[in-house]
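J.: So here's upload05.cif, just mmCIF, N, CA and C atoms:
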```
data_entry
loop_
_atom_site.label_atom_id
_atom_site.label_comp_id
_atom_site.auth_asym_id
_atom_site.auth_seq_id
_atom_site.Cartn_x
_atom_site.Cartn_y
_atom_site.Cartn_z
N MET A 1339 12.79 -12.28 16.66
CA MET A 1339 11.43 -11.79 16.66
C MET A 1339 11.37 -10.48 17.44
N THR A 1340 10.49 -9.60 17.02
CA THR A 1340 10.35 -8.31 17.68
C THR A 1340 9.59 -8.48 19.00
N ASP A 1341 9.39 -7.37 19.69
CA ASP A 1341 8.60 -7.38 20.92
C ASP A 1341 7.11 -7.47 20.63
N PHE A 1342 6.74 -7.40 19.36
CA PHE A 1342 5.34 -7.44 18.96
C PHE A 1342 4.95 -8.88 18.62
N PRO A 1343 3.65 -9.19 18.67
CA PRO A 1343 3.21 -10.55 18.33
C PRO A 1343 3.08 -10.77 16.82
N TYR A 1344 3.75 -9.94 16.03
CA TYR A 1344 3.77 -10.07 14.58
C TYR A 1344 5.07 -9.45 14.07
N THR A 1345 5.43 -9.75 12.82
CA THR A 1345 6.67 -9.24 12.24
C THR A 1345 6.37 -8.15 11.22
N ASP A 1346 7.43 -7.44 10.80
CA ASP A 1346 7.27 -6.46 9.73
C ASP A 1346 6.79 -7.14 8.46
N ALA A 1347 7.27 -8.36 8.21
CA ALA A 1347 6.82 -9.11 7.04
C ALA A 1347 5.32 -9.40 7.12
N ASP A 1348 4.80 -9.64 8.33
CA ASP A 1348 3.37 -9.85 8.50
C ASP A 1348 2.59 -8.59 8.08
N LEU A 1349 3.11 -7.43 8.49
CA LEU A 1349 2.44 -6.17 8.14
C LEU A 1349 2.45 -5.97 6.63
N ARG A 1350 3.59 -6.24 5.98
CA ARG A 1350 3.67 -6.10 4.52
C ARG A 1350 2.75 -7.10 3.83
N ALA A 1351 2.70 -8.33 4.31
CA ALA A 1351 1.82 -9.34 3.72
C ALA A 1351 0.36 -8.93 3.85
N GLU A 1352 -0.01 -8.38 5.00
CA GLU A 1352 -1.38 -7.93 5.21
C GLU A 1352 -1.71 -6.74 4.31
N ALA A 1353 -0.78 -5.81 4.15
CA ALA A 1353 -1.00 -4.66 3.26
C ALA A 1353 -1.18 -5.16 1.82
N ALA A 1354 -0.36 -6.10 1.38
CA ALA A 1354 -0.49 -6.65 0.03
C ALA A 1354 -1.83 -7.37 -0.15
N ARG A 1355 -2.23 -8.13 0.85
CA ARG A 1355 -3.50 -8.85 0.78
C ARG A 1355 -4.67 -7.88 0.66
N GLN A 1356 -4.60 -6.80 1.45
CA GLN A 1356 -5.69 -5.83 1.41
C GLN A 1356 -5.72 -5.07 0.09
N PHE A 1357 -4.55 -4.76 -0.47
CA PHE A 1357 -4.53 -4.11 -1.77
C PHE A 1357 -5.20 -4.98 -2.82
N ALA A 1358 -4.96 -6.28 -2.73
CA ALA A 1358 -5.54 -7.20 -3.70
C ALA A 1358 -7.06 -7.29 -3.55
N GLU A 1359 -7.60 -7.01 -2.38
CA GLU A 1359 -9.03 -7.17 -2.12
C GLU A 1359 -9.86 -5.90 -2.29
N VAL A 1360 -9.22 -4.77 -2.34
CA VAL A 1360 -10.00 -3.53 -2.46
C VAL A 1360 -9.57 -2.74 -3.69
N LEU A 1361 -10.50 -2.09 -4.31
CA LEU A 1361 -10.20 -1.27 -5.48
C LEU A 1361 -9.99 0.18 -5.11
N ARG A 1362 -10.33 0.53 -3.91
CA ARG A 1362 -10.09 1.88 -3.42
C ARG A 1362 -9.35 1.77 -2.10
N ALA A 1363 -8.78 2.85 -1.69
CA ALA A 1363 -8.01 2.84 -0.46
C ALA A 1363 -8.95 2.85 0.75
N PRO A 1364 -8.80 1.89 1.66
CA PRO A 1364 -9.67 1.85 2.83
C PRO A 1364 -9.24 2.87 3.89
N ASP A 1365 -10.19 3.27 4.73
CA ASP A 1365 -9.81 4.12 5.86
C ASP A 1365 -9.27 3.22 6.97
N ARG A 1366 -8.78 3.82 8.04
CA ARG A 1366 -8.15 3.05 9.12
C ARG A 1366 -9.09 2.01 9.75
N LEU A 1367 -10.35 2.35 9.93
CA LEU A 1367 -11.28 1.39 10.52
C LEU A 1367 -11.55 0.22 9.58
N GLU A 1368 -11.63 0.49 8.28
CA GLU A 1368 -11.81 -0.59 7.32
C GLU A 1368 -10.61 -1.52 7.31
N VAL A 1369 -9.41 -0.95 7.43
CA VAL A 1369 -8.20 -1.77 7.48
C VAL A 1369 -8.28 -2.70 8.68
N GLN A 1370 -8.60 -2.17 9.83
CA GLN A 1370 -8.69 -2.98 11.06
C GLN A 1370 -9.78 -4.04 10.94
N ASP A 1371 -10.94 -3.67 10.42
CA ASP A 1371 -12.03 -4.63 10.25
C ASP A 1371 -11.63 -5.75 9.29
N GLU A 1372 -10.94 -5.41 8.23
CA GLU A 1372 -10.51 -6.38 7.24
C GLU A 1372 -9.48 -7.35 7.82
N MET A 1373 -8.68 -6.86 8.75
CA MET A 1373 -7.62 -7.69 9.34
C MET A 1373 -8.15 -8.72 10.33
N ARG A 1374 -9.22 -8.41 11.03
CA ARG A 1374 -9.68 -9.20 12.17
C ARG A 1374 -9.69 -10.71 11.94
N GLY A 1375 -10.26 -11.18 10.85
CA GLY A 1375 -10.39 -12.61 10.63
C GLY A 1375 -9.25 -13.24 9.84
N SER A 1376 -8.27 -12.43 9.47
CA SER A 1376 -7.15 -12.95 8.67
C SER A 1376 -6.02 -13.44 9.56
N PRO A 1377 -5.43 -14.58 9.20
CA PRO A 1377 -4.32 -15.09 10.02
C PRO A 1377 -3.06 -14.24 9.87
N ILE A 1378 -2.29 -14.17 10.93
CA ILE A 1378 -0.98 -13.52 10.89
C ILE A 1378 -0.02 -14.55 10.31
N PRO A 1379 0.60 -14.28 9.14
CA PRO A 1379 1.42 -15.29 8.48
C PRO A 1379 2.48 -15.95 9.36
N SER A 1380 3.17 -15.18 10.17
CA SER A 1380 4.24 -15.76 11.00
C SER A 1380 3.69 -16.54 12.19
N ARG A 1381 2.39 -16.45 12.44
CA ARG A 1381 1.79 -17.12 13.60
C ARG A 1381 0.86 -18.25 13.16
N SER A 1382 1.04 -18.73 11.91
CA SER A 1382 0.17 -19.81 11.43
C SER A 1382 0.83 -21.16 11.71
N GLY A 1383 0.09 -22.18 11.56
CA GLY A 1383 0.56 -23.53 11.86
C GLY A 1383 -0.49 -24.23 12.68
N ASP A 1384 -0.05 -25.05 13.65
CA ASP A 1384 -0.99 -25.77 14.50
C ASP A 1384 -1.87 -24.82 15.30
N GLN A 1385 -1.31 -23.70 15.73
CA GLN A 1385 -2.04 -22.72 16.55
C GLN A 1385 -2.13 -21.39 15.80
N THR A 1386 -2.88 -21.36 14.70
CA THR A 1386 -3.01 -20.16 13.90
C THR A 1386 -3.59 -19.02 14.75
N VAL A 1387 -2.98 -17.85 14.63
CA VAL A 1387 -3.44 -16.66 15.34
C VAL A 1387 -3.89 -15.65 14.29
N CYS A 1388 -5.10 -15.14 14.46
CA CYS A 1388 -5.63 -14.11 13.56
C CYS A 1388 -5.37 -12.74 14.17
N TRP A 1389 -5.35 -11.73 13.31
CA TRP A 1389 -5.12 -10.36 13.78
C TRP A 1389 -6.12 -9.99 14.87
N GLY A 1390 -7.37 -10.42 14.74
CA GLY A 1390 -8.41 -10.07 15.70
C GLY A 1390 -8.21 -10.68 17.07
N GLN A 1391 -7.29 -11.64 17.20
CA GLN A 1391 -7.00 -12.23 18.50
C GLN A 1391 -5.97 -11.44 19.29
N LEU A 1392 -5.38 -10.43 18.65
CA LEU A 1392 -4.41 -9.59 19.36
C LEU A 1392 -5.14 -8.70 20.35
N SER A 1393 -4.39 -8.13 21.27
CA SER A 1393 -4.99 -7.16 22.19
C SER A 1393 -5.51 -5.98 21.37
N VAL A 1394 -6.43 -5.23 21.94
CA VAL A 1394 -6.99 -4.07 21.24
C VAL A 1394 -5.88 -3.12 20.81
N ASP A 1395 -4.91 -2.86 21.71
CA ASP A 1395 -3.81 -1.95 21.38
C ASP A 1395 -2.92 -2.49 20.27
N ASP A 1396 -2.58 -3.80 20.32
CA ASP A 1396 -1.73 -4.39 19.29
C ASP A 1396 -2.43 -4.38 17.93
N LEU A 1397 -3.72 -4.71 17.90
CA LEU A 1397 -4.47 -4.68 16.65
C LEU A 1397 -4.54 -3.26 16.11
N HIS A 1398 -4.82 -2.30 16.99
CA HIS A 1398 -4.88 -0.90 16.59
C HIS A 1398 -3.54 -0.46 15.99
N ASP A 1399 -2.43 -0.77 16.67
CA ASP A 1399 -1.10 -0.39 16.17
C ASP A 1399 -0.80 -1.06 14.84
N ALA A 1400 -1.11 -2.36 14.71
CA ALA A 1400 -0.86 -3.07 13.46
C ALA A 1400 -1.70 -2.49 12.33
N ALA A 1401 -2.96 -2.19 12.60
CA ALA A 1401 -3.83 -1.61 11.57
C ALA A 1401 -3.31 -0.24 11.14
N ASN A 1402 -2.84 0.56 12.08
CA ASN A 1402 -2.26 1.86 11.73
C ASN A 1402 -1.03 1.68 10.86
N ASP A 1403 -0.18 0.70 11.20
CA ASP A 1403 1.02 0.44 10.41
C ASP A 1403 0.66 -0.03 9.00
N VAL A 1404 -0.34 -0.90 8.88
CA VAL A 1404 -0.78 -1.36 7.56
C VAL A 1404 -1.34 -0.19 6.77
N HIS A 1405 -2.16 0.65 7.41
CA HIS A 1405 -2.73 1.81 6.72
C HIS A 1405 -1.61 2.73 6.22
N GLU A 1406 -0.58 2.94 7.03
CA GLU A 1406 0.54 3.78 6.60
C GLU A 1406 1.25 3.17 5.40
N LEU A 1407 1.41 1.83 5.39
CA LEU A 1407 2.00 1.17 4.23
C LEU A 1407 1.14 1.40 2.98
N LEU A 1408 -0.17 1.32 3.15
CA LEU A 1408 -1.07 1.59 2.04
C LEU A 1408 -0.97 3.05 1.59
N ASP A 1409 -0.92 3.95 2.56
CA ASP A 1409 -0.92 5.38 2.28
C ASP A 1409 0.41 5.88 1.74
N ASP A 1410 1.51 5.26 2.15
CA ASP A 1410 2.83 5.72 1.74
C ASP A 1410 3.19 5.32 0.32
N ALA A 1411 2.42 4.43 -0.27
CA ALA A 1411 2.72 3.97 -1.62
C ALA A 1411 2.14 4.95 -2.63
N PRO A 1412 3.00 5.70 -3.30
CA PRO A 1412 2.48 6.69 -4.26
C PRO A 1412 1.92 6.02 -5.50
N ASP A 1413 0.90 6.61 -6.06
CA ASP A 1413 0.31 6.14 -7.30
C ASP A 1413 0.92 6.91 -8.46
N LEU A 1414 1.31 6.19 -9.50
CA LEU A 1414 1.73 6.81 -10.75
C LEU A 1414 0.69 6.39 -11.77
N ALA A 1415 0.01 7.34 -12.38
CA ALA A 1415 -1.05 7.00 -13.31
C ALA A 1415 -0.89 7.79 -14.61
N TRP A 1416 -1.27 7.14 -15.70
CA TRP A 1416 -1.25 7.78 -17.01
C TRP A 1416 -2.65 7.68 -17.59
N GLY A 1417 -3.11 8.78 -18.19
CA GLY A 1417 -4.43 8.80 -18.79
C GLY A 1417 -4.85 10.23 -19.05
N HIS A 1418 -6.13 10.46 -19.12
CA HIS A 1418 -6.66 11.78 -19.42
C HIS A 1418 -7.58 12.20 -18.29
N GLY A 1419 -7.18 13.23 -17.56
CA GLY A 1419 -7.96 13.70 -16.42
C GLY A 1419 -8.05 12.62 -15.36
N ASN A 1420 -9.25 12.37 -14.86
CA ASN A 1420 -9.44 11.32 -13.86
C ASN A 1420 -9.63 9.94 -14.48
N ASN A 1421 -9.62 9.88 -15.81
CA ASN A 1421 -9.81 8.62 -16.53
C ASN A 1421 -8.45 7.99 -16.82
N TRP A 1422 -7.90 7.27 -15.86
CA TRP A 1422 -6.58 6.68 -16.04
C TRP A 1422 -6.69 5.39 -16.85
N HIS A 1423 -5.64 5.11 -17.61
CA HIS A 1423 -5.56 3.90 -18.42
C HIS A 1423 -4.50 2.95 -17.89
N LEU A 1424 -3.55 3.50 -17.16
CA LEU A 1424 -2.45 2.70 -16.62
C LEU A 1424 -2.08 3.29 -15.27
N ALA A 1425 -1.93 2.43 -14.28
CA ALA A 1425 -1.50 2.89 -12.96
C ALA A 1425 -0.45 1.93 -12.44
N VAL A 1426 0.54 2.48 -11.78
CA VAL A 1426 1.62 1.69 -11.18
C VAL A 1426 1.67 2.03 -9.70
N GLN A 1427 1.67 1.03 -8.86
CA GLN A 1427 1.76 1.24 -7.42
C GLN A 1427 3.18 0.89 -6.98
N VAL A 1428 3.83 1.80 -6.30
CA VAL A 1428 5.17 1.59 -5.79
C VAL A 1428 5.10 1.64 -4.27
N ALA A 1429 5.46 0.55 -3.62
CA ALA A 1429 5.40 0.50 -2.16
C ALA A 1429 6.78 0.19 -1.61
N HIS A 1430 7.08 0.78 -0.48
CA HIS A 1430 8.34 0.52 0.20
C HIS A 1430 8.15 0.78 1.69
N ARG A 1431 9.14 0.42 2.44
CA ARG A 1431 9.07 0.62 3.89
C ARG A 1431 9.14 2.10 4.23
N ARG A 1432 8.51 2.45 5.35
CA ARG A 1432 8.68 3.80 5.89
C ARG A 1432 10.15 4.00 6.21
N GLY A 1433 10.58 5.22 6.10
CA GLY A 1433 11.96 5.53 6.45
C GLY A 1433 12.93 5.42 5.30
N VAL A 1434 12.46 5.03 4.11
CA VAL A 1434 13.35 4.99 2.96
C VAL A 1434 13.80 6.42 2.70
N ASP A 1435 15.08 6.58 2.46
CA ASP A 1435 15.68 7.88 2.20
C ASP A 1435 14.91 8.61 1.09
N ASP A 1436 14.62 9.90 1.28
CA ASP A 1436 13.87 10.69 0.30
C ASP A 1436 14.53 10.67 -1.07
N GLU A 1437 15.85 10.71 -1.10
CA GLU A 1437 16.57 10.70 -2.37
C GLU A 1437 16.36 9.37 -3.11
N LEU A 1438 16.41 8.25 -2.38
CA LEU A 1438 16.17 6.95 -2.99
C LEU A 1438 14.72 6.84 -3.45
N HIS A 1439 13.80 7.31 -2.63
CA HIS A 1439 12.38 7.30 -3.00
C HIS A 1439 12.16 8.04 -4.31
N THR A 1440 12.70 9.24 -4.40
CA THR A 1440 12.55 10.05 -5.61
C THR A 1440 13.18 9.36 -6.81
N ALA A 1441 14.36 8.77 -6.62
CA ALA A 1441 15.03 8.07 -7.71
C ALA A 1441 14.22 6.89 -8.21
N LEU A 1442 13.61 6.12 -7.30
CA LEU A 1442 12.78 4.98 -7.68
C LEU A 1442 11.54 5.43 -8.46
N ILE A 1443 10.87 6.45 -7.96
CA ILE A 1443 9.67 6.96 -8.64
C ILE A 1443 10.03 7.49 -10.02
N ASP A 1444 11.13 8.25 -10.10
CA ASP A 1444 11.57 8.78 -11.39
C ASP A 1444 11.91 7.66 -12.37
N ALA A 1445 12.57 6.60 -11.89
CA ALA A 1445 12.93 5.48 -12.75
C ALA A 1445 11.69 4.78 -13.30
N VAL A 1446 10.70 4.55 -12.45
CA VAL A 1446 9.45 3.92 -12.91
C VAL A 1446 8.74 4.83 -13.90
N ARG A 1447 8.62 6.11 -13.55
CA ARG A 1447 7.96 7.09 -14.42
C ARG A 1447 8.64 7.13 -15.79
N ASN A 1448 9.98 7.20 -15.81
CA ASN A 1448 10.71 7.27 -17.07
C ASN A 1448 10.57 5.99 -17.89
N ALA A 1449 10.62 4.84 -17.22
CA ALA A 1449 10.49 3.56 -17.94
C ALA A 1449 9.11 3.43 -18.59
N VAL A 1450 8.06 3.75 -17.86
CA VAL A 1450 6.71 3.65 -18.41
C VAL A 1450 6.54 4.66 -19.55
N SER A 1451 6.99 5.87 -19.35
CA SER A 1451 6.88 6.90 -20.40
C SER A 1451 7.63 6.47 -21.66
N ARG A 1452 8.80 5.86 -21.50
CA ARG A 1452 9.59 5.40 -22.65
C ARG A 1452 8.82 4.32 -23.43
N VAL A 1453 8.24 3.36 -22.72
CA VAL A 1453 7.47 2.30 -23.39
C VAL A 1453 6.26 2.88 -24.11
N LEU A 1454 5.55 3.81 -23.47
CA LEU A 1454 4.41 4.45 -24.11
C LEU A 1454 4.83 5.20 -25.36
N ASP A 1455 5.94 5.93 -25.27
CA ASP A 1455 6.45 6.69 -26.43
C ASP A 1455 6.84 5.75 -27.57
N GLU A 1456 7.52 4.64 -27.24
CA GLU A 1456 7.95 3.68 -28.26
C GLU A 1456 6.75 3.10 -29.01
N ARG A 1457 5.63 3.04 -28.38
CA ARG A 1457 4.41 2.47 -28.99
C ARG A 1457 3.46 3.56 -29.48
N ASN A 1458 3.95 4.80 -29.49
CA ASN A 1458 3.16 5.95 -29.95
C ASN A 1458 1.81 6.06 -29.26
N LEU A 1459 1.79 5.81 -27.95
CA LEU A 1459 0.58 5.95 -27.16
C LEU A 1459 0.59 7.30 -26.47
N SER A 1460 -0.47 8.03 -26.65
CA SER A 1460 -0.56 9.36 -26.07
C SER A 1460 -1.34 9.30 -24.76
N LEU A 1461 -0.63 9.00 -23.69
CA LEU A 1461 -1.23 8.96 -22.37
C LEU A 1461 -0.41 9.85 -21.44
N PRO A 1462 -0.85 11.07 -21.22
CA PRO A 1462 -0.10 11.94 -20.32
C PRO A 1462 -0.16 11.42 -18.89
N GLN A 1463 0.86 11.74 -18.12
CA GLN A 1463 0.86 11.31 -16.73
C GLN A 1463 -0.18 12.11 -15.97
N ALA A 1464 -1.02 11.39 -15.22
CA ALA A 1464 -2.05 12.02 -14.41
C ALA A 1464 -1.43 12.49 -13.10
N THR A 1465 -2.14 13.33 -12.39
CA THR A 1465 -1.66 13.83 -11.11
C THR A 1465 -1.53 12.70 -10.12
N GLN A 1466 -0.41 12.70 -9.40
CA GLN A 1466 -0.15 11.67 -8.39
C GLN A 1466 -1.00 11.94 -7.17
N GLN A 1467 -1.58 10.85 -6.60
CA GLN A 1467 -2.38 10.97 -5.39
C GLN A 1467 -1.91 9.93 -4.39
N THR A 1468 -2.08 10.24 -3.12
CA THR A 1468 -1.84 9.22 -2.10
C THR A 1468 -3.13 8.46 -1.89
N ALA A 1469 -3.03 7.32 -1.25
CA ALA A 1469 -4.21 6.50 -1.00
C ALA A 1469 -5.24 7.26 -0.18
N THR A 1470 -4.79 8.08 0.76
CA THR A 1470 -5.72 8.84 1.59
C THR A 1470 -6.51 9.82 0.75
N GLU A 1471 -5.86 10.50 -0.19
CA GLU A 1471 -6.56 11.44 -1.05
C GLU A 1471 -7.63 10.71 -1.87
N GLU A 1472 -7.28 9.54 -2.39
CA GLU A 1472 -8.23 8.76 -3.19
C GLU A 1472 -9.41 8.33 -2.33
N ALA A 1473 -9.16 7.92 -1.10
CA ALA A 1473 -10.22 7.42 -0.23
C ALA A 1473 -11.19 8.51 0.20
N THR A 1474 -10.74 9.76 0.20
CA THR A 1474 -11.60 10.84 0.66
C THR A 1474 -12.43 11.45 -0.45
N ARG A 1475 -12.37 10.91 -1.64
CA ARG A 1475 -13.18 11.44 -2.75
C ARG A 1475 -14.63 11.16 -2.56
#
```
The structure given in the file should be rewritten as structure tokens.

T.:
Amino acid sequence: MTDFPYTDADLRAEAARQFAEVLRAPDRLEVQDEMRGSPIPSRSGDQTVCWGQLSVDDLHDAANDVHELLDDAPDLAWGHGNNWHLAVQVAHRRGVDDELHTALIDAVRNAVSRVLDERNLSLPQATQQTATEEATR
């Protein structure tokens, strides 16, 4: 276990849970507010601990880490202008080598484009945005 009262897996689980609950990217305060009443997966059992029971500093740090996980996941979208028809979210840990990151994004982009082409669907790739850019619209 780390020196923190939660694990990296807890942060990833919380980021996934929040993605499932929101249709737009939340700001840092919304992430923290959303976390408060949710249990920390590795701290559940007889004595379940929720994120909001952490110290102010630990909750703040965890919320920042979750927000970064949300923000670091690039969006790949296909459609016309701002009217997307297909979007793919790719998430990974911070610190992934830039070359690997680019290779993963290119592989997803090429696979989706190939399937669209095989089905004669005309959906150009839309401009990629980060979660922060989407949230500030």

J.: Step by step, work through what the PyMOL selection byres (((chain A and resi 1368-1380 and name CA) around 9) and name CA) selects in the shown file, and finish by giving those residues as JSON, numbers by chain.

T.: {"A": [1344, 1345, 1347, 1348, 1349, 1351, 1352, 1353, 1356, 1364, 1365, 1366, 1367, 1381, 1382, 1383, 1386, 1387, 1388, 1389, 1390, 1391, 1392, 1397, 1398, 1400, 1401, 1402, 1404, 1405]}

J.: One decimal, Å: what's the distance from atom N of Ala1425 in chain A over to CA of Leu1407 in chain A, could you say?

T.: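 Answer for the atom N of Ala1425 in chain A to CA of Leu1407 in chain A separation: 19.0 Å.
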
J.: Could you tell me how far CA of Asp1384 in chain A sits from CA of Ala1354 in chain A, in Å to one decimal place?

T.: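 A separation of 24.0 Å between them.
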
J.: Run through the PyMOL selection byres (((chain A and resi 1437-1453 and name CA) around 10) and name CA) on the given coordinates and return the selected residues as a list in words.

T.: Pro1412, Asp1413, Leu1414, Ala1415, Trp1416, Leu1424, Ala1425, Val1426, Gln1427, Val1428, Ala1429, His1430, Gly1433, Val1434, Asp1435, Asp1436, Leu1454, Asp1455, Glu1456, Arg1457, Asn1458, Leu1459, Ser1460, Leu1461, Pro1462 and Gln1463 of chain A
